[in-house]
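> This is the structure I have questions about; it appears just below.
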Amino acid sequence: MSAQIYDDALHLMEVQGGSFVKSLAHCYYMADPSNKAILREAFAKYFDEYERRFRQLCSQIQGAAS
């Protein structure tokens, strides 16, 4: 996954997520690379969900622009 898509998915976590997901995104931003990998593995369910949401949002925007 490209860094831009990943950053955008993290932004969605901050904007659309509940208190835990928002905190997880903040924690991820603050972590060093080693701890980012640990968070990503431990909470893959959340990261995958918001990456999926971001892709869906991009598809909706592209469809509306057509």
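Ligands are numbered from 1 in the order shown, chains are lettered A, B, ... in the order of the structure tokens, and residues start at 1 in each chain.
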Do you know which residues are at most 9 Å from Tyr46 of chain A counting only C-alpha atoms, after dropping those on the same chain fewer than 4 positions away, and could you put them as a list in words?
Met13, Val21, Leu24, Arg40, Tyr50 and Glu51 of chain A
> So which one's closest to Arg55 of chain A, A:Ser23, A:Asp8, A:Gln16, A:Ala37? Using only C-alpha atoms, please.
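The answer is A:Asp8, which sits nearest to Arg55 of chain A.
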> Using only C-alpha atoms, which of the listed residues (A:Asp7, A:His26, A:Leu12, A:Asn35) sits closest to Gln56 of chain A?
A:Leu12
> Quick one: everything within 12 Å of Cys58 of chain A, counting only C-alpha atoms, minus sequence neighbours fewer than 6 positions away in the same chain. Send it as a short mmCIF file (atom, residue, chain, number, x, y, z; two decimals) with N, CA and C atoms, in the first residue's frame.

```
data_model
loop_
_atom_site.label_atom_id
_atom_site.label_comp_id
_atom_site.auth_asym_id
_atom_site.auth_seq_id
_atom_site.Cartn_x
_atom_site.Cartn_y
_atom_site.Cartn_z
N ILE A 5 -2.06 6.57 0.39
CA ILE A 5 -3.31 5.89 0.72
C ILE A 5 -3.34 5.56 2.20
N ASP A 8 -4.07 8.65 4.19
CA ASP A 8 -5.48 9.03 4.04
C ASP A 8 -6.39 8.11 4.85
N ALA A 9 -6.06 6.83 4.89
CA ALA A 9 -6.85 5.88 5.69
C ALA A 9 -6.71 6.22 7.18
N GLU A 51 -8.73 1.30 5.55
CA GLU A 51 -8.16 1.29 4.21
C GLU A 51 -9.25 0.94 3.20
N ARG A 52 -10.12 -0.02 3.55
CA ARG A 52 -11.23 -0.40 2.68
C ARG A 52 -12.18 0.79 2.52
N ALA A 64 -18.69 9.78 -9.23
CA ALA A 64 -19.44 11.03 -9.28
C ALA A 64 -18.83 12.01 -10.29
N ALA A 65 -17.53 11.91 -10.47
CA ALA A 65 -16.85 12.82 -11.40
C ALA A 65 -17.04 12.40 -12.86
#
```
> Kindly give the distance, in Å, that separates atom CA of Lys36 of chain A and atom CA of Ile61 of chain A, rounded to a single decimal.
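Between these atoms lies a distance of 29.6 Å.
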> Determine the nearest neighbour of Phe47 of chain A from the options A:Ser19, A:Leu10, A:Ser34, A:Gln60, counting only C-alpha atoms.
A:Leu10
> Just give me the gap between atom CA of Phe20 of chain A and atom CA of Leu57 of chain A in Å, one decimal is fine.
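For atom CA of Phe20 of chain A relative to atom CA of Leu57 of chain A, the distance reads 21.9 Å.
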